[in-house]
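Reading through the structure tokens given below for one structure.
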Amino acid sequence: MQLNIHNTFTGKKERFIPRDPERITLYACGPTVYNYVHIGNGRPAVVFDVLFRLLGAMYPNVAYARNITDIDDKINAAAEDAEDRNAAIRKLSDYYSEAYSTDVAALGTLVPTFEPRATEHVQEIIELIAILIDRGHAYAAEGHVLFNVPSFAEYGSLSNRSLEDMLDGARVEVAPYKKDAKDFVLWKPSSNDIPGWDSPWGRGRPGWHIECSAMIHKHLGPSIDIHGGGSDLIFPHHENELAQGRCAYENESFANYWMHNGMLTLGNEKMSKSLGNIETIRDLLRDYQGETLRYALLTGKYRSPLSWSRELVDQARSGLDRLYQAMLDSNSKADLTTSLDYSKVKIQDVPQAVAKALADDLNTPQALAAMHEMASQINKSDKPEDTAKLRKDLLTSAWLLGLLTHSPVSWFQGDMGKVDEKAIQNLIDERDQARENKDWQRADDIRNELLELNIELEDSRGGTRWKRQ
RNA sequence: GGCUGGGUGGCAGAGAGGAUAUGCAGCGGACUGCAACUCCGUGUACACCGGUUCGAAUCCGGUCUCAGCCUCCA
């Protein structure tokens, strides 16, 4: 199976050739933690999780790092009024960092190999800055350390912009200590009430981009296979990371493939914290299962913008229900197998249609289409051996997408909120009795009564089943 | 203004020179006591205008238009 991925660096879809097939290295940018994350933040988590799963099925060893940026002026600002500001900042970033992991886990993402945090890598950051200064790519000035952009001739190659272009309408702050307007901060001084670390340049904290370069180097190496993140990070974040990495470690490519997911839009506008048009994962989880949200995120190709709406999620729910329904209807042996039981699946054991779709730059909509095809076949199949094969195909496919992680019964009956299963079963029994007596009135009354409680009945061959609506 | 990437049926969304994408919703039918589930059938879809071609939604040119980045953002 040949994996092809779209590389932002070249602007082309390219054949993926690992640096070392024995150890694939993948890094994805996580959030800055000062708030609950919104579903837009969930997209890269899910997209690169699918990639992690796919690579895991193709190669023996995949090292995947997804960072948390917990040093940032926005975090500091969020704790502005606290009495002990330092403590408040720490508490805040710990809390939201934990919330992020929880929310993103609800979307069915596997735990990455590494989840590095900036605060735990300040030493590495300082070392990296020192190297950059040594090599003449950075300089200290007034308690700051700045990366000197003109010192790196290839600056702009990732985001495909020239230094001249950037000057037009440039909105960068031109501080007096900058040698060049485009120079960006690697280190800046901290007052005592906000987090700071001792360094050769005084007590301070790292700038925004340097933490990623340092954490990549520490956990994955001077060069990695794939670096991912949202398309809004291409410039300046990734451009700067690239510059830092390349300048610090000569003859290293830093990242061979850059992948960027498109933005979620809400009402024809990018979902973003600053615009305020967001839906937090936490809020959505009140109304939907995490897996439904995940399915919704996967209905579009990761590179394209995806217009988010409750309608989209409702459609996702219906589509996912269909897959579970096929699993439910075809389950004659009370089989409790879910996709989780196929976590060790190899790519050659995944149905071709799905493997090919995913290997083609993560074409998840096409993979989902192939899965629906399997569901249709399951529904039509009357040979037990065919059904068993198709069920397995569907579940192995689902593993790569991170779907069908529940048993069909628990999916439909759910554990969201309390229901009295016993009472439901009693009513079903009573209705069955009524039906036997051809007391259709009573039978329908019971069905309607349950419907009031959002319980839907299905009279299948194997008896009456109930589902939450 | 510069750089990206788009405009596909009621909705979401693949595909990419000649096939039915797929799902949701709708309609008709089968199944059912009636439903639900499932199955079968069903839609003059490819922004606009030119061009290339035997043939274009798919290639080329132009027009209009939308989004993203150029500032913190996934």
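Letters A, B, ... mark the chains of the structure tokens in the order given; residue numbers begin at 1 per chain; ligand numbers begin at 1, in order shown.
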
Worksheet entry | Distance filter 12 Å, only C-alpha atoms (C1' of nucleotides), chain B against chain A, as a PyMOL selection string | chain B and resi 1-6+11-15+21-25+31-40+66-74

Practice prompt. DSSP on the backbone, then: every residue of stretch 206-435 of chain A marked strand (DSSP E or B), written as a PyMOL selection string.
Written response: chain A and resi 206+224-230+255-261+264-265+270+280+306-307+360

Would you put the residues from that selection into a file with N, CA and C atoms, as a tab-separated table (two decimals), in the first residue's frame?
chain	number	residue	atom	x	y	z
A	206	PRO	N	9.81	31.71	27.11
A	206	PRO	CA	10.01	31.56	25.66
A	206	PRO	C	8.91	32.25	24.85
A	224	ILE	N	12.01	15.20	11.34
A	224	ILE	CA	10.90	14.26	11.48
A	224	ILE	C	10.26	13.99	10.12
A	225	ASP	N	9.41	12.98	10.11
A	225	ASP	CA	8.74	12.67	8.85
A	225	ASP	C	7.63	13.68	8.54
A	226	ILE	N	6.69	13.77	9.46
A	226	ILE	CA	5.49	14.56	9.17
A	226	ILE	C	5.21	15.54	10.29
A	227	HIS	N	4.96	16.75	9.89
A	227	HIS	CA	4.54	17.78	10.85
A	227	HIS	C	3.17	18.27	10.43
A	228	GLY	N	2.23	18.24	11.37
A	228	GLY	CA	0.87	18.63	11.04
A	228	GLY	C	0.34	19.74	11.92
A	229	GLY	N	-0.78	20.27	11.47
A	229	GLY	CA	-1.45	21.32	12.24
A	229	GLY	C	-2.50	22.01	11.40
A	230	GLY	N	-3.17	22.97	11.98
A	230	GLY	CA	-4.19	23.71	11.25
A	230	GLY	C	-3.56	24.62	10.21
A	255	ALA	N	11.35	18.90	8.88
A	255	ALA	CA	10.19	18.03	8.63
A	255	ALA	C	10.13	17.77	7.13
A	256	ASN	N	9.94	16.51	6.76
A	256	ASN	CA	9.92	16.19	5.33
A	256	ASN	C	8.56	16.43	4.68
A	257	TYR	N	7.52	16.27	5.47
A	257	TYR	CA	6.16	16.49	4.94
A	257	TYR	C	5.40	17.38	5.92
A	258	TRP	N	4.75	18.35	5.37
A	258	TRP	CA	3.92	19.25	6.18
A	258	TRP	C	2.46	19.04	5.77
A	259	MET	N	1.65	18.76	6.76
A	259	MET	CA	0.23	18.56	6.44
A	259	MET	C	-0.61	19.56	7.23
A	260	HIS	N	-1.57	20.14	6.54
A	260	HIS	CA	-2.40	21.16	7.20
A	260	HIS	C	-3.88	20.92	6.97
A	261	ASN	N	-4.62	20.91	8.05
A	261	ASN	CA	-6.05	20.73	7.92
A	261	ASN	C	-6.75	22.07	7.71
A	264	LEU	N	-12.70	24.80	10.22
A	264	LEU	CA	-14.14	24.64	10.36
A	264	LEU	C	-14.75	26.03	10.25
A	265	THR	N	-15.86	26.11	9.55
A	265	THR	CA	-16.53	27.40	9.48
A	265	THR	C	-17.89	27.28	10.16
A	270	LYS	N	-14.75	31.46	9.54
A	270	LYS	CA	-13.89	30.58	10.31
A	270	LYS	C	-14.30	30.56	11.78
A	280	THR	N	-17.91	24.69	21.70
A	280	THR	CA	-16.92	23.91	22.41
A	280	THR	C	-17.29	22.43	22.32
A	306	LEU	N	-14.68	22.91	6.35
A	306	LEU	CA	-15.88	22.12	6.61
A	306	LEU	C	-16.87	23.04	7.32
A	307	SER	N	-18.07	23.12	6.75
A	307	SER	CA	-19.03	24.03	7.40
A	307	SER	C	-19.75	23.28	8.51
A	360	ASP	N	-4.69	7.61	0.08
A	360	ASP	CA	-4.71	8.73	-0.86
A	360	ASP	C	-4.98	10.01	-0.09

Worksheet item: Please, which residues of stretch 269-326 of chain A, numbered as in this document, come out alpha helix (DSSP H) from DSSP, as a VMD selection string?
Response: chain A and resid 281 to 287 290 to 298 310 to 326

Suppose we keep C-alpha atoms; can you now write the selection as a PDB file, in the first residue's frame?
ATOM      1  CA  ILE A 281     -16.487  20.167  22.341  1.00  0.00           C
ATOM      2  CA  ARG A 282     -17.758  20.140  25.889  1.00  0.00           C
ATOM      3  CA  ASP A 283     -21.054  21.747  24.911  1.00  0.00           C
ATOM      4  CA  LEU A 284     -21.501  19.456  21.942  1.00  0.00           C
ATOM      5  CA  LEU A 285     -20.903  16.419  24.115  1.00  0.00           C
ATOM      6  CA  ARG A 286     -24.003  17.309  26.090  1.00  0.00           C
ATOM      7  CA  ASP A 287     -26.101  16.602  23.023  1.00  0.00           C
ATOM      8  CA  GLY A 290     -18.162  11.905  20.832  1.00  0.00           C
ATOM      9  CA  GLU A 291     -18.133   9.379  18.048  1.00  0.00           C
ATOM     10  CA  THR A 292     -20.868  11.269  16.235  1.00  0.00           C
ATOM     11  CA  LEU A 293     -18.776  14.424  16.363  1.00  0.00           C
ATOM     12  CA  ARG A 294     -15.816  12.466  15.073  1.00  0.00           C
ATOM     13  CA  TYR A 295     -17.859  11.083  12.194  1.00  0.00           C
ATOM     14  CA  ALA A 296     -19.028  14.594  11.364  1.00  0.00           C
ATOM     15  CA  LEU A 297     -15.415  15.797  11.259  1.00  0.00           C
ATOM     16  CA  LEU A 298     -14.510  12.943   8.937  1.00  0.00           C
ATOM     17  CA  ARG A 310     -26.021  21.121  14.128  1.00  0.00           C
ATOM     18  CA  GLU A 311     -27.571  19.841  10.929  1.00  0.00           C
ATOM     19  CA  LEU A 312     -24.237  18.374   9.905  1.00  0.00           C
ATOM     20  CA  VAL A 313     -23.971  16.581  13.227  1.00  0.00           C
ATOM     21  CA  ASP A 314     -27.524  15.296  12.972  1.00  0.00           C
ATOM     22  CA  GLN A 315     -26.728  13.890   9.552  1.00  0.00           C
ATOM     23  CA  ALA A 316     -23.578  12.345  10.963  1.00  0.00           C
ATOM     24  CA  ARG A 317     -25.652  10.704  13.666  1.00  0.00           C
ATOM     25  CA  SER A 318     -27.992   9.199  11.064  1.00  0.00           C
ATOM     26  CA  GLY A 319     -25.110   7.984   8.947  1.00  0.00           C
ATOM     27  CA  LEU A 320     -23.364   6.394  11.889  1.00  0.00           C
ATOM     28  CA  ASP A 321     -26.626   4.836  13.035  1.00  0.00           C
ATOM     29  CA  ARG A 322     -26.850   3.117   9.697  1.00  0.00           C
ATOM     30  CA  LEU A 323     -23.473   1.464  10.190  1.00  0.00           C
ATOM     31  CA  TYR A 324     -24.394   0.376  13.701  1.00  0.00           C
ATOM     32  CA  GLN A 325     -27.778  -0.832  12.494  1.00  0.00           C
ATOM     33  CA  ALA A 326     -26.110  -3.155  10.019  1.00  0.00           C
TER      34      ALA A 326
END

Response to the item:
atom CA of A:Leu110 to atom CA of A:Thr25 measures 15.7 Å

Item to complete: Please measure the separation of atom CA of A:Gly276 and atom CA of A:Asn35, giving the value in Å to one decimal.
Response: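 These atoms are spaced 12.2 Å apart.
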
Practice prompt. Have a look at atom CA of A:Leu403 and atom CA of A:His219 and let me know their distance in Å, one decimal.
Written response: 29.0 Å

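For stretch 91-103 of chain A, the residues within 6 Å (counting only C-alpha atoms (C1' of nucleotides), excluding itself and residues fewer than 3 positions away along the chain) are A:Val33, A:Tyr34, A:Asn35, A:Asp70, A:Ala88, A:Ala106.
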
Just to be explicit: take each residue in the selection above, keep all heavy atoms, and write the result as a CSV table (one decimal), in the first residue's frame.
chain,number,residue,atom,x,y,z
A,33,VAL,N,-3.5,26.4,26.0
A,33,VAL,CA,-4.5,26.1,26.9
A,33,VAL,C,-4.9,27.3,27.9
A,33,VAL,O,-4.2,27.5,28.9
A,33,VAL,CB,-4.2,24.8,27.7
A,33,VAL,CG1,-4.4,23.6,26.9
A,33,VAL,CG2,-2.7,24.9,28.2
A,34,TYR,N,-5.9,28.0,27.5
A,34,TYR,CA,-6.4,29.0,28.5
A,34,TYR,C,-8.0,29.0,28.4
A,34,TYR,O,-8.6,29.9,28.9
A,34,TYR,CB,-5.9,30.4,28.1
A,34,TYR,CG,-6.2,30.9,26.7
A,34,TYR,CD1,-7.3,31.7,26.5
A,34,TYR,CD2,-5.4,30.5,25.6
A,34,TYR,CE1,-7.6,32.1,25.2
A,34,TYR,CE2,-5.7,31.0,24.4
A,34,TYR,CZ,-6.8,31.8,24.1
A,34,TYR,OH,-7.1,32.2,22.9
A,35,ASN,N,-8.5,28.0,27.8
A,35,ASN,CA,-10.0,27.9,27.6
A,35,ASN,C,-10.4,26.5,27.2
A,35,ASN,O,-9.5,25.7,26.8
A,35,ASN,CB,-10.3,28.9,26.5
A,35,ASN,CG,-11.5,29.8,26.8
A,35,ASN,OD1,-12.4,29.3,27.5
A,35,ASN,ND2,-11.5,31.0,26.3
A,70,ASP,N,1.6,25.6,27.1
A,70,ASP,CA,1.1,26.1,28.3
A,70,ASP,C,1.9,27.3,28.8
A,70,ASP,O,1.9,27.6,30.0
A,70,ASP,CB,1.0,25.0,29.4
A,70,ASP,CG,2.3,24.3,29.7
A,70,ASP,OD1,3.3,24.6,29.0
A,70,ASP,OD2,2.3,23.4,30.5
A,88,ALA,N,-2.1,31.0,40.0
A,88,ALA,CA,-3.4,31.0,39.2
A,88,ALA,C,-3.1,30.6,37.8
A,88,ALA,O,-3.9,29.8,37.2
A,88,ALA,CB,-4.1,32.4,39.3
A,106,ALA,N,-12.7,12.1,24.1
A,106,ALA,CA,-14.1,11.8,23.8
A,106,ALA,C,-14.3,11.7,22.3
A,106,ALA,O,-15.3,11.1,21.8
A,106,ALA,CB,-15.0,12.9,24.4

Discussion item. Residues near A:Lys392, anyone? I mean within 12 Å using only C-alpha atoms (C1' of nucleotides), not counting same-chain ones fewer than 2 positions away, as a VMD selection string.
Written reply: chain A and resid 327 330 to 331 335 337 to 342 345 349 to 351 371 374 to 375 378 385 to 390 394 to 399 404

Worksheet item: Nearest to B:C64 among B:A19, B:U8, B:U42, B:C48, with distances taken over only C-alpha atoms (C1' of nucleotides): which residue is it?
Response: B:C48

Discussion item. Just checking: using only C-alpha atoms, which residue out of A:Ala82, A:Asn192, A:Arg53, A:Gly202 ends up closest to A:Ala141?
Written reply: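 Among A:Ala82, A:Asn192, A:Arg53, A:Gly202, it is A:Gly202 that comes nearest to A:Ala141.
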